[in-house]
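Q: This is upload_29.cif (mmCIF, C-alpha atoms and all ligand atoms).
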data_target
#
loop_
_atom_site.label_atom_id
_atom_site.label_comp_id
_atom_site.auth_asym_id
_atom_site.auth_seq_id
_atom_site.Cartn_x
_atom_site.Cartn_y
_atom_site.Cartn_z
CA MET A 5 26.94 -42.68 12.48
CA CYS A 6 25.66 -39.20 12.29
CA ASN A 7 27.93 -36.35 11.40
CA PRO A 8 28.23 -33.85 14.30
CA ASN A 9 29.15 -31.04 11.89
CA LYS A 10 25.86 -31.50 10.05
CA ILE A 11 24.00 -31.19 13.35
CA ASN A 12 25.83 -27.91 14.03
CA ILE A 13 25.02 -26.56 10.60
CA GLU A 14 21.34 -27.40 11.03
CA THR A 15 21.25 -25.88 14.49
CA SER A 16 22.66 -22.58 13.27
CA LEU A 17 20.32 -22.58 10.24
CA ASP A 18 17.37 -23.11 12.60
CA LYS A 19 18.62 -20.21 14.74
CA TYR A 20 18.93 -17.91 11.72
CA ARG A 21 15.43 -18.90 10.62
CA GLU A 22 14.07 -18.15 14.08
CA GLU A 23 15.72 -14.71 13.83
CA ILE A 24 14.12 -14.18 10.42
CA ASP A 25 10.71 -15.27 11.77
CA LEU A 26 10.98 -12.70 14.56
CA ILE A 27 11.99 -9.93 12.18
CA ASP A 28 9.18 -10.90 9.77
CA SER A 29 6.63 -10.68 12.54
CA GLN A 30 7.82 -7.15 13.36
CA ILE A 31 7.79 -6.19 9.67
CA ILE A 32 4.24 -7.48 9.21
CA ASN A 33 3.01 -5.62 12.29
CA LEU A 34 4.62 -2.39 11.11
CA PHE A 35 3.32 -2.97 7.59
CA GLU A 36 -0.23 -3.25 8.93
CA GLN A 37 0.20 -0.06 10.98
CA ARG A 38 1.56 1.76 7.90
CA ILE A 39 -1.44 0.68 5.83
CA GLU A 40 -3.86 1.78 8.54
CA VAL A 41 -2.31 5.27 8.52
CA ALA A 42 -2.43 5.33 4.70
CA VAL A 43 -6.19 4.65 4.94
CA LYS A 44 -6.59 7.71 7.19
CA VAL A 45 -4.55 9.74 4.67
CA ALA A 46 -6.91 8.49 1.93
CA GLU A 47 -9.90 9.90 3.81
CA TYR A 48 -8.10 13.23 4.28
CA LYS A 49 -7.25 13.34 0.57
CA LYS A 50 -10.85 12.62 -0.37
CA GLU A 51 -12.21 15.41 1.86
CA ASN A 52 -9.59 17.83 0.56
CA LYS A 53 -9.82 16.74 -3.08
CA MET A 54 -6.13 15.83 -3.24
CA ASN A 55 -4.47 13.44 -5.69
CA ILE A 56 -3.52 10.04 -4.34
CA LEU A 57 -0.07 10.34 -5.89
CA GLN A 58 2.10 12.86 -4.04
CA GLY A 59 5.39 12.72 -5.93
CA LYS A 60 7.31 15.23 -3.82
CA ARG A 61 6.35 13.40 -0.62
CA GLU A 62 7.47 10.09 -2.17
CA GLU A 63 10.90 11.58 -2.87
CA GLU A 64 11.11 12.73 0.76
CA VAL A 65 10.06 9.28 2.07
CA ILE A 66 12.82 7.60 0.05
CA LYS A 67 15.43 10.18 1.03
CA LYS A 68 14.56 9.82 4.71
CA ALA A 69 14.56 6.01 4.56
CA LEU A 70 17.97 5.95 2.86
CA SER A 71 19.37 8.31 5.49
CA GLU A 72 18.49 5.66 8.13
CA LEU A 73 20.52 2.95 6.38
CA LYS A 74 23.80 1.99 8.01
CA ASN A 75 25.11 0.04 5.03
CA MET A 76 24.73 2.00 1.80
CA GLU A 77 25.38 -1.22 -0.16
CA TYR A 78 21.66 -1.88 0.37
CA SER A 79 20.43 1.50 -0.83
CA GLU A 80 18.99 0.25 -4.14
CA TYR A 81 17.11 -2.54 -2.33
CA ALA A 82 15.87 -0.14 0.35
CA LYS A 83 14.63 2.20 -2.37
CA GLU A 84 12.86 -0.72 -4.05
CA LEU A 85 11.22 -1.67 -0.74
CA MET A 86 10.02 1.89 -0.07
CA ASN A 87 8.64 2.21 -3.60
CA LEU A 88 6.81 -1.09 -3.14
CA LEU A 89 5.34 0.07 0.19
CA MET A 90 4.16 3.33 -1.37
CA ASN A 91 2.67 1.51 -4.37
CA ILE A 92 0.72 -0.69 -1.96
CA SER A 93 -0.43 2.44 -0.05
CA LYS A 94 -1.69 3.98 -3.29
CA GLU A 95 -3.55 0.78 -4.24
CA VAL A 96 -5.22 0.64 -0.81
CA GLN A 97 -6.04 4.36 -1.00
CA LYS A 98 -7.63 3.94 -4.46
CA ASP A 99 -9.74 1.01 -3.18
CA LYS A 100 -10.83 2.99 -0.13
CA ILE A 101 -11.91 6.19 -1.82
CA LYS A 102 -13.28 4.96 -5.14
O1 LIG B 1 1.86 11.10 2.22
C1 LIG B 1 0.89 10.75 1.52
O2 LIG B 1 0.23 11.55 0.84
C2 LIG B 1 0.50 9.34 1.48
O3 LIG B 1 -0.55 9.01 0.99
C3 LIG B 1 1.44 8.29 1.97
C4 LIG B 1 2.33 7.76 0.84
C5 LIG B 1 3.20 6.64 1.52
O4 LIG B 1 2.83 5.49 1.43
O5 LIG B 1 4.21 7.01 2.15
C6 LIG B 1 1.50 7.17 -0.24
C7 LIG B 1 1.25 7.81 -1.41
C8 LIG B 1 1.83 9.11 -1.75
O6 LIG B 1 2.15 9.21 -3.10
C9 LIG B 1 2.93 9.48 -0.85
C10 LIG B 1 3.19 8.83 0.31
#
Just give me the structure of the file as structure tokens.
A:
Amino acid sequence: MCNPNKINIETSLDKYREEIDLIDSQIINLFEQRIEVAVKVAEYKKENKMNILQGKREEEVIKKALSELKNMEYSEYAKELMNLLMNISKEVQKDKIK
């Protein structure tokens, strides 16, 4: 005999995973768009002899991102995510303009 509760648990897990898949696909699309803009910024920086690292701008990006958060419990994780995104931008920019 199968346990109907187990079926329910699996069904809701599948639903949550479908939700995560949808969110991941949006994140990956936005991630790609962000990188493509960072590549354009790299070209601008090269033409204008600017440093790849823009510390003041990074502070602003983090501040702005945190101001969008509804649950401040996640602020350290959000900060970690933004720092990771900017580190990836800088890596891509270095590759593009070296
Ligand atoms: O604004 C810039 O100058 C960028 O290159 C973009 C970006 C980012 O990913 O947000 C990347 C590197 C800089 O240090 C600051 C910000």
Q: Would you list the residues that come within 7 Å of ligand LIG 1 (chain B)? Count all atoms listed in the file and give the answer as a PyMOL selection string.
A: chain A and resi 42+45-46+56-59+61-62+65+89-90+93-94
Q: Report, in Å with one decimal, the straight-line distance from atom CA of A:Ile101 to atom CA of A:Glu40.
A: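 Atom-to-atom, atom CA of A:Ile101 and atom CA of A:Glu40 are spaced 13.8 Å apart.
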Q: For each of A:Glu23, A:Asp18, A:Glu36, A:Asp28, take the minimum atom-to-atom distance to A:Val96, counting only C-alpha atoms, then give the residue where this is smallest.
A: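 So, comparing all the options, the nearest one is A:Glu36.
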Q: What does the distance between atom CA of A:Lys83 and atom CA of A:Ala69 come to in Å, to one decimal place?
A: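 Those two atoms sit 7.9 Å apart.
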Q: Between atom CA of A:Arg21 and atom CA of A:Phe35, what is the distance, to one decimal in Å?
A: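 Calculated distance between atom CA of A:Arg21 and atom CA of A:Phe35 is 20.2 Å.
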Q: List the spatial neighbours of A:Leu70 as a VMD selection string - criterion: any atom at most 8 Å away, all atoms listed in the file, same-chain residues fewer than 6 positions off excluded.
A: chain A and resid 76 79 82 to 83
Q: If I put a ball of radius 10 Å at (-11.1, 8.6, -7.3) in the file's coordinates, which residues poke into it when counting only C-alpha atoms, written as a PyMOL selection string?
A: chain A and resi 49-50+53-56+97-102
Q: Taking only C-alpha atoms into account, name the residue in A:Glu51, A:Asn12, A:Leu73, A:Ile39 that is nearest to A:Asn91.
A: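 Closest to A:Asn91, using only C-alpha atoms: A:Ile39.
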Q: Could you give me stretch 18-43 of chain A completed to N, CA and C atoms, formatted as an mmCIF file, in the coordinates of the input?
A:
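Writing done, so here's rebuild-v1.cif:
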data_model
loop_
_atom_site.group_PDB
_atom_site.id
_atom_site.type_symbol
_atom_site.label_atom_id
_atom_site.label_comp_id
_atom_site.auth_asym_id
_atom_site.auth_seq_id
_atom_site.Cartn_x
_atom_site.Cartn_y
_atom_site.Cartn_z
ATOM 1 N N ASP A 18 18.621 -23.275 11.845
ATOM 2 C CA ASP A 18 17.370 -23.110 12.600
ATOM 3 C C ASP A 18 17.373 -21.789 13.371
ATOM 4 N N LYS A 19 18.509 -21.461 13.970
ATOM 5 C CA LYS A 19 18.620 -20.210 14.740
ATOM 6 C C LYS A 19 18.427 -19.004 13.830
ATOM 7 N N TYR A 20 19.083 -19.032 12.671
ATOM 8 C CA TYR A 20 18.930 -17.910 11.720
ATOM 9 C C TYR A 20 17.474 -17.782 11.290
ATOM 10 N N ARG A 21 16.838 -18.949 11.063
ATOM 11 C CA ARG A 21 15.430 -18.900 10.620
ATOM 12 C C ARG A 21 14.522 -18.372 11.722
ATOM 13 N N GLU A 22 14.856 -18.712 12.958
ATOM 14 C CA GLU A 22 14.070 -18.150 14.080
ATOM 15 C C GLU A 22 14.229 -16.634 14.109
ATOM 16 N N GLU A 23 15.464 -16.164 13.862
ATOM 17 C CA GLU A 23 15.720 -14.710 13.830
ATOM 18 C C GLU A 23 14.902 -14.065 12.725
ATOM 19 N N ILE A 24 14.892 -14.722 11.556
ATOM 20 C CA ILE A 24 14.120 -14.180 10.420
ATOM 21 C C ILE A 24 12.630 -14.158 10.752
ATOM 22 N N ASP A 25 12.143 -15.229 11.396
ATOM 23 C CA ASP A 25 10.710 -15.270 11.770
ATOM 24 C C ASP A 25 10.344 -14.103 12.674
ATOM 25 N N LEU A 26 11.232 -13.813 13.630
ATOM 26 C CA LEU A 26 10.980 -12.700 14.560
ATOM 27 C C LEU A 26 10.942 -11.359 13.825
ATOM 28 N N ILE A 27 11.929 -11.183 12.949
ATOM 29 C CA ILE A 27 11.990 -9.930 12.180
ATOM 30 C C ILE A 27 10.756 -9.816 11.289
ATOM 31 N N ASP A 28 10.359 -10.932 10.642
ATOM 32 C CA ASP A 28 9.180 -10.900 9.770
ATOM 33 C C ASP A 28 7.929 -10.519 10.550
ATOM 34 N N SER A 29 7.842 -11.017 11.784
ATOM 35 C CA SER A 29 6.630 -10.680 12.540
ATOM 36 C C SER A 29 6.606 -9.188 12.871
ATOM 37 N N GLN A 30 7.776 -8.609 13.123
ATOM 38 C CA GLN A 30 7.820 -7.150 13.360
ATOM 39 C C GLN A 30 7.485 -6.393 12.077
ATOM 40 N N ILE A 31 8.045 -6.866 10.951
ATOM 41 C CA ILE A 31 7.790 -6.190 9.670
ATOM 42 C C ILE A 31 6.293 -6.199 9.351
ATOM 43 N N ILE A 32 5.660 -7.361 9.554
ATOM 44 C CA ILE A 32 4.240 -7.480 9.210
ATOM 45 C C ILE A 32 3.379 -6.582 10.101
ATOM 46 N N ASN A 33 3.753 -6.517 11.383
ATOM 47 C CA ASN A 33 3.010 -5.620 12.290
ATOM 48 C C ASN A 33 3.160 -4.171 11.869
ATOM 49 N N LEU A 34 4.375 -3.776 11.534
ATOM 50 C CA LEU A 34 4.620 -2.390 11.110
ATOM 51 C C LEU A 34 3.946 -2.105 9.774
ATOM 52 N N PHE A 35 3.960 -3.104 8.896
ATOM 53 C CA PHE A 35 3.320 -2.970 7.590
ATOM 54 C C PHE A 35 1.816 -2.679 7.767
ATOM 55 N N GLU A 36 1.199 -3.450 8.674
ATOM 56 C CA GLU A 36 -0.230 -3.250 8.930
ATOM 57 C C GLU A 36 -0.500 -1.847 9.492
ATOM 58 N N GLN A 37 0.363 -1.415 10.407
ATOM 59 C CA GLN A 37 0.200 -0.060 10.980
ATOM 60 C C GLN A 37 0.347 0.988 9.882
ATOM 61 N N ARG A 38 1.323 0.785 8.985
ATOM 62 C CA ARG A 38 1.560 1.760 7.900
ATOM 63 C C ARG A 38 0.328 1.849 7.000
ATOM 64 N N ILE A 39 -0.253 0.681 6.685
ATOM 65 C CA ILE A 39 -1.440 0.680 5.830
ATOM 66 C C ILE A 39 -2.602 1.402 6.521
ATOM 67 N N GLU A 40 -2.749 1.142 7.823
ATOM 68 C CA GLU A 40 -3.860 1.780 8.540
ATOM 69 C C GLU A 40 -3.729 3.305 8.518
ATOM 70 N N VAL A 41 -2.508 3.813 8.607
ATOM 71 C CA VAL A 41 -2.310 5.270 8.520
ATOM 72 C C VAL A 41 -2.599 5.742 7.093
ATOM 73 N N ALA A 42 -2.177 4.958 6.104
ATOM 74 C CA ALA A 42 -2.430 5.330 4.700
ATOM 75 C C ALA A 42 -3.934 5.428 4.426
ATOM 76 N N VAL A 43 -4.723 4.591 5.094
ATOM 77 C CA VAL A 43 -6.190 4.650 4.940
ATOM 78 C C VAL A 43 -6.716 5.979 5.492
#
